[in-house]
Amino acid sequence: MDLTPKEIVEYLDKYVISQKDAKKTIALALRTRYRRMQLSDELQHEITPKNILMIGSTGVGKTEISRRLAKMMKVPFIKVEASKYTEVGFVGRDVESMVRDLVINSVSIVKAEKEEENKEKIENYVINKIVEKLLPPLPESASESKKDDYQRLLEGMEKRVESGEMDDKIIEIEVDSNIQVEFADSNLPPEMIKVQESFTKVFSQLNKEDKKKEISVKDAKIMLRAEASAKLIDNNSINAEALRRAENGGIIFLDEIDKIALSEKSQGRNDPSKEGVQRDLLPIVEGSSITTKYGVINTDHILFIAAGAFHVSKPSDLIPELQGRFPLRVELESLTEDSLYQILTQTKNSLLKQYQALLSVEGMELIFDDEAVRAIAGLAHRANEITEDIGARRLHTVLEKILEDISFIADEYKDKEFVVTKELVHEKLDMVVEDDDLSRYIL
């Protein structure tokens, strides 16, 4: 997490083209969180996160910026759509469930880290259990020479199990009935989840006689890893650490926030839940305590990043209290033809590289001529202008249309190369792009 704003922006530049203002704003917000953690406890409680409102059309990089940041910083992160929540009393998801989702994500991050730390112990446990089934232990009365032979056999078998040589062998293992099933439905109240888990424990105790199973060594490794993880890792310490991380480093990306804004056009419509969702969101964004199955979490220091296109409504259509909780506003610009070209050529793991890698599986070497890439960017930009502007997402549709026939007969190009030329791009797309009706349905 100890990255300067410049380093954060440099990382984002590898994945998101342009949008410098948005990158700078988010980089500063994250750095501020790091700075806060270095202060005294008294000051830490006083400094609240500066939530961000991102305004921009679909496909310009709003979600991608946030998703890449969370991946880089290894912090708990969830993306939710504001439009799927309803106020209390209406059928739909309760807004508090987004905080529970964040805690579940945090638990999975901490658990994965703990499993990585104990990887050697877990693997040893798994291999020992499997070898015990493949080589039954010698009786106590065995001679020393037999014990030496057995030890050599044991070491050889351990290596064979570890290498995967014995994966197809069928063995009988005992499944530990005390391993609990995780319930990840964050929309249920914690009390209801506890009731479900209690029933699971009762039924697992009743079914103790069915613990033995005959499965392959490969499947046994998976089951025994879960058993080893449950026995070797302390769940209470995982839950405590996960809550701490979610409270101090969690990010909730609230997409489509414009869909719950009441615009002047929708005032006459029956949208009783829209303002209700905003009012339900308010205490969570301002800071409140939410009960989860892992414990109580305070939302005071969770960073909220809201995003919306705001084509029909405006940020000022949100209730004033909610507007005040998103002090940092950043507007993302629409993508130009040059931006689309850079997305295709300069981003790490770009779409062109993805298609080249996919078709290399068939033995084909796919090459994109630079003029062809320029033409793809130009036609995608043109399609965005004459129909709905869906930003970089248009590139997916355009490339799929160009490569559809080539991909279908890729096996015929084994150990050969295929060059995508400007002429091919225009042949496939010119008629579709220029015909307004066709482009609305195909692109």
# chains A, B, ... in the order shown; residues from 1 in each chain; ligands from 1
>>> residues_around(residues="stretch 334-340 of chain A", least_positions_apart="5", cutoff="8 Å", atoms="only C-alpha atoms", output="compact mmCIF listing (two decimals) with all heavy atoms, in the first residue's frame")
# COMPACT_ATOMS: atom_id res chain seq x y z
N ILE A 17 -6.24 4.07 -20.71
CA ILE A 17 -5.72 5.17 -21.53
C ILE A 17 -6.46 6.46 -21.20
O ILE A 17 -7.67 6.46 -20.99
CB ILE A 17 -5.88 4.82 -23.04
CG1 ILE A 17 -5.03 3.59 -23.40
CG2 ILE A 17 -5.50 5.99 -23.93
CD1 ILE A 17 -3.54 3.73 -23.22
N SER A 18 -5.71 7.57 -21.18
CA SER A 18 -6.22 8.93 -20.87
C SER A 18 -6.84 8.96 -19.47
O SER A 18 -6.41 8.23 -18.60
CB SER A 18 -7.17 9.42 -21.96
OG SER A 18 -8.36 8.69 -21.97
N GLY A 56 -19.18 10.02 -16.16
CA GLY A 56 -18.70 9.74 -17.51
C GLY A 56 -19.51 8.66 -18.18
O GLY A 56 -20.15 7.84 -17.51
N SER A 57 -19.49 8.65 -19.51
CA SER A 57 -20.26 7.66 -20.28
C SER A 57 -19.75 6.26 -20.00
O SER A 57 -18.65 6.06 -19.49
CB SER A 57 -20.13 7.95 -21.78
OG SER A 57 -20.58 9.25 -22.06
N VAL A 60 -15.67 4.21 -20.60
CA VAL A 60 -14.53 5.14 -20.65
C VAL A 60 -13.47 4.82 -19.59
O VAL A 60 -12.43 5.45 -19.55
CB VAL A 60 -14.99 6.63 -20.51
CG1 VAL A 60 -15.86 7.04 -21.68
CG2 VAL A 60 -15.71 6.88 -19.19
N ALA A 377 -9.95 1.41 -35.00
CA ALA A 377 -10.20 2.51 -34.05
C ALA A 377 -11.13 3.55 -34.68
O ALA A 377 -12.06 4.04 -34.04
CB ALA A 377 -8.88 3.15 -33.63
N GLY A 378 -10.88 3.88 -35.95
CA GLY A 378 -11.70 4.88 -36.64
C GLY A 378 -13.14 4.44 -36.79
O GLY A 378 -14.07 5.22 -36.54
N ALA A 380 -14.72 2.10 -35.01
CA ALA A 380 -15.35 1.98 -33.68
C ALA A 380 -15.80 3.36 -33.19
O ALA A 380 -16.89 3.51 -32.63
CB ALA A 380 -14.37 1.36 -32.70
N HIS A 381 -14.95 4.36 -33.41
CA HIS A 381 -15.28 5.73 -33.01
C HIS A 381 -16.48 6.25 -33.79
O HIS A 381 -17.38 6.90 -33.24
CB HIS A 381 -14.07 6.65 -33.23
CG HIS A 381 -14.30 8.04 -32.76
ND1 HIS A 381 -14.45 9.11 -33.62
CD2 HIS A 381 -14.44 8.55 -31.50
CE1 HIS A 381 -14.66 10.22 -32.92
NE2 HIS A 381 -14.65 9.90 -31.63
N GLY A 391 -18.18 3.65 -25.60
CA GLY A 391 -16.75 3.73 -25.30
C GLY A 391 -15.95 2.56 -25.84
O GLY A 391 -16.19 2.04 -26.93
N ALA A 392 -14.99 2.11 -25.01
CA ALA A 392 -14.07 1.05 -25.43
C ALA A 392 -14.77 -0.29 -25.62
O ALA A 392 -14.23 -1.18 -26.29
CB ALA A 392 -12.95 0.90 -24.40
N LEU A 395 -15.06 -1.79 -29.10
CA LEU A 395 -13.94 -2.51 -29.72
C LEU A 395 -14.16 -4.02 -29.68
O LEU A 395 -13.78 -4.74 -30.59
CB LEU A 395 -12.63 -2.15 -29.01
CG LEU A 395 -12.15 -0.70 -29.19
CD1 LEU A 395 -10.97 -0.42 -28.28
CD2 LEU A 395 -11.77 -0.42 -30.64
>>> residues_around(residues="A:Glu423", least_positions_apart="2", cutoff="12 Å", atoms="only C-alpha atoms", output="short mmCIF file (atom, residue, chain, number, x, y, z; two decimals) with N, CA, C and O atoms, in the first residue's frame")
data_model
loop_
_atom_site.label_atom_id
_atom_site.label_comp_id
_atom_site.auth_asym_id
_atom_site.auth_seq_id
_atom_site.Cartn_x
_atom_site.Cartn_y
_atom_site.Cartn_z
N PHE A 368 -1.75 -8.09 -36.84
CA PHE A 368 -2.57 -6.92 -37.15
C PHE A 368 -1.68 -5.85 -37.78
O PHE A 368 -0.74 -5.36 -37.15
N ASP A 369 -1.98 -5.50 -39.02
CA ASP A 369 -1.28 -4.42 -39.70
C ASP A 369 -1.62 -3.10 -39.01
O ASP A 369 -2.76 -2.91 -38.57
N GLU A 371 -2.08 -0.12 -40.11
CA GLU A 371 -3.16 0.60 -40.79
C GLU A 371 -4.52 -0.02 -40.47
O GLU A 371 -5.53 0.68 -40.37
N ALA A 372 -4.52 -1.35 -40.30
CA ALA A 372 -5.76 -2.04 -39.94
C ALA A 372 -6.22 -1.64 -38.54
O ALA A 372 -7.41 -1.41 -38.31
N VAL A 373 -5.26 -1.51 -37.62
CA VAL A 373 -5.60 -1.11 -36.25
C VAL A 373 -6.16 0.31 -36.24
O VAL A 373 -7.13 0.61 -35.54
N ARG A 374 -5.56 1.18 -37.04
CA ARG A 374 -6.07 2.57 -37.18
C ARG A 374 -7.50 2.55 -37.71
O ARG A 374 -8.36 3.30 -37.25
N ALA A 375 -7.73 1.69 -38.69
CA ALA A 375 -9.07 1.60 -39.28
C ALA A 375 -10.09 1.08 -38.27
O ALA A 375 -11.22 1.57 -38.21
N ILE A 376 -9.68 0.08 -37.47
CA ILE A 376 -10.57 -0.46 -36.43
C ILE A 376 -10.96 0.64 -35.44
O ILE A 376 -12.13 0.81 -35.10
N ILE A 402 -14.93 -8.63 -37.19
CA ILE A 402 -13.83 -8.77 -38.16
C ILE A 402 -13.27 -10.19 -38.15
O ILE A 402 -12.98 -10.77 -39.20
N VAL A 419 -2.63 -12.19 -41.76
CA VAL A 419 -2.48 -10.75 -41.53
C VAL A 419 -3.82 -10.06 -41.71
O VAL A 419 -4.48 -10.21 -42.74
N VAL A 420 -4.25 -9.34 -40.67
CA VAL A 420 -5.48 -8.54 -40.75
C VAL A 420 -5.09 -7.20 -41.37
O VAL A 420 -4.33 -6.43 -40.79
N THR A 421 -5.62 -6.93 -42.56
CA THR A 421 -5.25 -5.71 -43.30
C THR A 421 -6.37 -4.67 -43.21
O THR A 421 -7.50 -4.98 -42.82
N VAL A 425 -10.65 -5.02 -42.90
CA VAL A 425 -11.44 -4.29 -41.90
C VAL A 425 -12.57 -3.53 -42.59
O VAL A 425 -13.74 -3.60 -42.15
N HIS A 426 -12.23 -2.81 -43.67
CA HIS A 426 -13.26 -2.03 -44.37
C HIS A 426 -14.29 -2.94 -45.04
O HIS A 426 -15.48 -2.63 -45.06
N GLU A 427 -13.82 -4.06 -45.57
CA GLU A 427 -14.73 -5.02 -46.23
C GLU A 427 -15.78 -5.55 -45.24
O GLU A 427 -16.95 -5.68 -45.55
N LYS A 428 -15.33 -5.82 -44.02
CA LYS A 428 -16.22 -6.39 -43.00
C LYS A 428 -17.14 -5.35 -42.36
O LYS A 428 -18.26 -5.68 -41.93
N LEU A 429 -16.67 -4.10 -42.26
CA LEU A 429 -17.39 -3.13 -41.42
C LEU A 429 -17.99 -1.91 -42.12
O LEU A 429 -18.93 -1.32 -41.59
N ASP A 430 -17.47 -1.52 -43.27
CA ASP A 430 -17.93 -0.26 -43.89
C ASP A 430 -19.45 -0.20 -44.05
O ASP A 430 -20.09 0.77 -43.65
#
>>> select_by_dssp(residues="stretch 196-399 of chain A", states="alpha helix (DSSP H)", output="PyMOL selection string")
chain A and resi 196-206+217-232+235-249+272-286+320-324+337-345+351-360+370-386+393-399
>>> residues_around(residues="A:Asp255", least_positions_apart="5", cutoff="12 Å", atoms="only C-alpha atoms", output="PyMOL selection string")
chain A and resi 52-58+62-64+66-67+78-85+260+304-310
>>> residues_around(residues="A:His396", least_positions_apart="3", cutoff="10 Å", atoms="only C-alpha atoms", output="compact mmCIF listing (two decimals) with C-alpha atoms, in the first residue's frame")
# COMPACT_ATOMS: atom_id res chain seq x y z
CA LEU A 351 -7.69 -6.98 -26.95
CA LEU A 352 -5.35 -7.57 -29.90
CA ALA A 380 -15.35 1.98 -33.68
CA ALA A 392 -14.07 1.05 -25.43
CA ARG A 393 -16.69 -1.71 -25.23
CA LEU A 399 -13.09 -7.06 -33.43
CA GLU A 400 -15.45 -10.00 -33.04
CA LYS A 401 -17.18 -9.01 -36.31
CA LEU A 443 -22.43 -3.09 -33.63
>>> residues_around(residues="stretch 112-121 of chain A", least_positions_apart="6", cutoff="9 Å", atoms="only C-alpha atoms", output="list in words")
Ala228, Ser229, Leu232, Ile233 and Ile238 of chain A
>>> write_last_selection(atoms="N, CA, C and O atoms", output="PDB file, in the first residue's frame")
ATOM      1  N   ALA A 228      -7.223 -29.604   5.938  1.00  0.00           N
ATOM      2  CA  ALA A 228      -5.967 -29.120   6.541  1.00  0.00           C
ATOM      3  C   ALA A 228      -6.057 -27.646   6.869  1.00  0.00           C
ATOM      4  O   ALA A 228      -5.626 -27.197   7.935  1.00  0.00           O
ATOM      5  N   SER A 229      -6.643 -26.881   5.939  1.00  0.00           N
ATOM      6  CA  SER A 229      -6.788 -25.434   6.150  1.00  0.00           C
ATOM      7  C   SER A 229      -7.642 -25.152   7.381  1.00  0.00           C
ATOM      8  O   SER A 229      -7.310 -24.297   8.199  1.00  0.00           O
ATOM      9  N   LEU A 232      -5.453 -26.193  10.545  1.00  0.00           N
ATOM     10  CA  LEU A 232      -4.182 -25.502  10.805  1.00  0.00           C
ATOM     11  C   LEU A 232      -4.312 -23.983  10.930  1.00  0.00           C
ATOM     12  O   LEU A 232      -3.421 -23.327  11.443  1.00  0.00           O
ATOM     13  N   ILE A 233      -5.408 -23.421  10.412  1.00  0.00           N
ATOM     14  CA  ILE A 233      -5.553 -21.954  10.427  1.00  0.00           C
ATOM     15  C   ILE A 233      -6.657 -21.551  11.399  1.00  0.00           C
ATOM     16  O   ILE A 233      -7.754 -22.117  11.383  1.00  0.00           O
ATOM     17  N   ILE A 238      -8.473 -14.873  11.496  1.00  0.00           N
ATOM     18  CA  ILE A 238      -8.772 -14.464  10.107  1.00  0.00           C
ATOM     19  C   ILE A 238      -9.919 -13.467  10.101  1.00  0.00           C
ATOM     20  O   ILE A 238      -9.842 -12.417   9.463  1.00  0.00           O
TER      21      ILE A 238
END
>>> residues_around(residues="stretch 271-284 of chain A", least_positions_apart="3", cutoff="12 Å", atoms="only C-alpha atoms", output="number ranges by chain")
A: 81-100, 252, 254, 257-263, 265-268, 287-290, 297-304, 306, 317-326
>>> decode(residues="stretch 305-322 of chain A", atoms="N, CA, C and O atoms", output="CSV table (one decimal), in the first residue's frame")
chain,number,residue,atom,x,y,z
A,305,ILE,N,-16.6,4.9,-3.9
A,305,ILE,CA,-16.4,5.6,-5.2
A,305,ILE,C,-17.7,5.3,-6.0
A,305,ILE,O,-18.1,4.2,-6.3
A,306,ALA,N,-18.4,6.4,-6.2
A,306,ALA,CA,-19.7,6.3,-7.0
A,306,ALA,C,-19.5,6.7,-8.4
A,306,ALA,O,-18.6,7.5,-8.7
A,307,ALA,N,-20.2,6.1,-9.3
A,307,ALA,CA,-20.0,6.4,-10.8
A,307,ALA,C,-21.3,6.3,-11.5
A,307,ALA,O,-22.2,5.5,-11.1
A,308,GLY,N,-21.4,7.1,-12.5
A,308,GLY,CA,-22.7,7.2,-13.3
A,308,GLY,C,-22.5,8.0,-14.5
A,308,GLY,O,-21.6,8.9,-14.6
A,309,ALA,N,-23.3,7.7,-15.6
A,309,ALA,CA,-23.2,8.4,-16.8
A,309,ALA,C,-23.9,9.8,-16.7
A,309,ALA,O,-23.5,10.7,-17.4
A,310,PHE,N,-25.0,9.8,-15.9
A,310,PHE,CA,-25.8,11.0,-15.7
A,310,PHE,C,-26.2,11.7,-17.1
A,310,PHE,O,-26.1,12.8,-17.3
A,311,HIS,N,-26.7,10.8,-18.0
A,311,HIS,CA,-27.3,11.3,-19.2
A,311,HIS,C,-28.6,11.9,-19.0
A,311,HIS,O,-28.9,13.0,-19.6
A,312,VAL,N,-29.5,11.2,-18.2
A,312,VAL,CA,-30.9,11.7,-18.0
A,312,VAL,C,-30.9,12.6,-16.8
A,312,VAL,O,-31.5,13.7,-16.8
A,313,SER,N,-30.2,12.2,-15.7
A,313,SER,CA,-30.2,13.0,-14.5
A,313,SER,C,-28.9,13.7,-14.4
A,313,SER,O,-28.0,13.6,-15.2
A,314,LYS,N,-28.8,14.5,-13.3
A,314,LYS,CA,-27.5,15.3,-13.0
A,314,LYS,C,-27.1,14.9,-11.6
A,314,LYS,O,-28.0,14.5,-10.7
A,315,PRO,N,-25.8,15.1,-11.2
A,315,PRO,CA,-25.4,14.9,-9.8
A,315,PRO,C,-26.2,15.7,-8.8
A,315,PRO,O,-26.5,15.2,-7.7
A,316,SER,N,-26.7,16.9,-9.2
A,316,SER,CA,-27.5,17.7,-8.3
A,316,SER,C,-28.9,17.1,-8.1
A,316,SER,O,-29.6,17.6,-7.2
A,317,ASP,N,-29.3,16.1,-8.9
A,317,ASP,CA,-30.6,15.4,-8.6
A,317,ASP,C,-30.5,14.4,-7.5
A,317,ASP,O,-31.6,14.0,-7.0
A,318,LEU,N,-29.3,14.1,-7.0
A,318,LEU,CA,-29.2,13.3,-5.8
A,318,LEU,C,-29.6,14.1,-4.6
A,318,LEU,O,-29.5,15.4,-4.6
A,319,ILE,N,-30.1,13.5,-3.5
A,319,ILE,CA,-30.5,14.3,-2.3
A,319,ILE,C,-29.2,15.0,-1.8
A,319,ILE,O,-28.1,14.5,-1.8
A,320,PRO,N,-29.4,16.3,-1.3
A,320,PRO,CA,-28.3,17.1,-0.9
A,320,PRO,C,-27.3,16.4,0.1
A,320,PRO,O,-26.1,16.6,0.0
A,321,GLU,N,-27.9,15.7,1.1
A,321,GLU,CA,-27.1,15.0,2.1
A,321,GLU,C,-26.1,14.0,1.4
A,321,GLU,O,-24.9,13.9,1.8
A,322,LEU,N,-26.6,13.3,0.4
A,322,LEU,CA,-25.7,12.3,-0.3
A,322,LEU,C,-24.7,13.0,-1.1
A,322,LEU,O,-23.5,12.6,-1.2
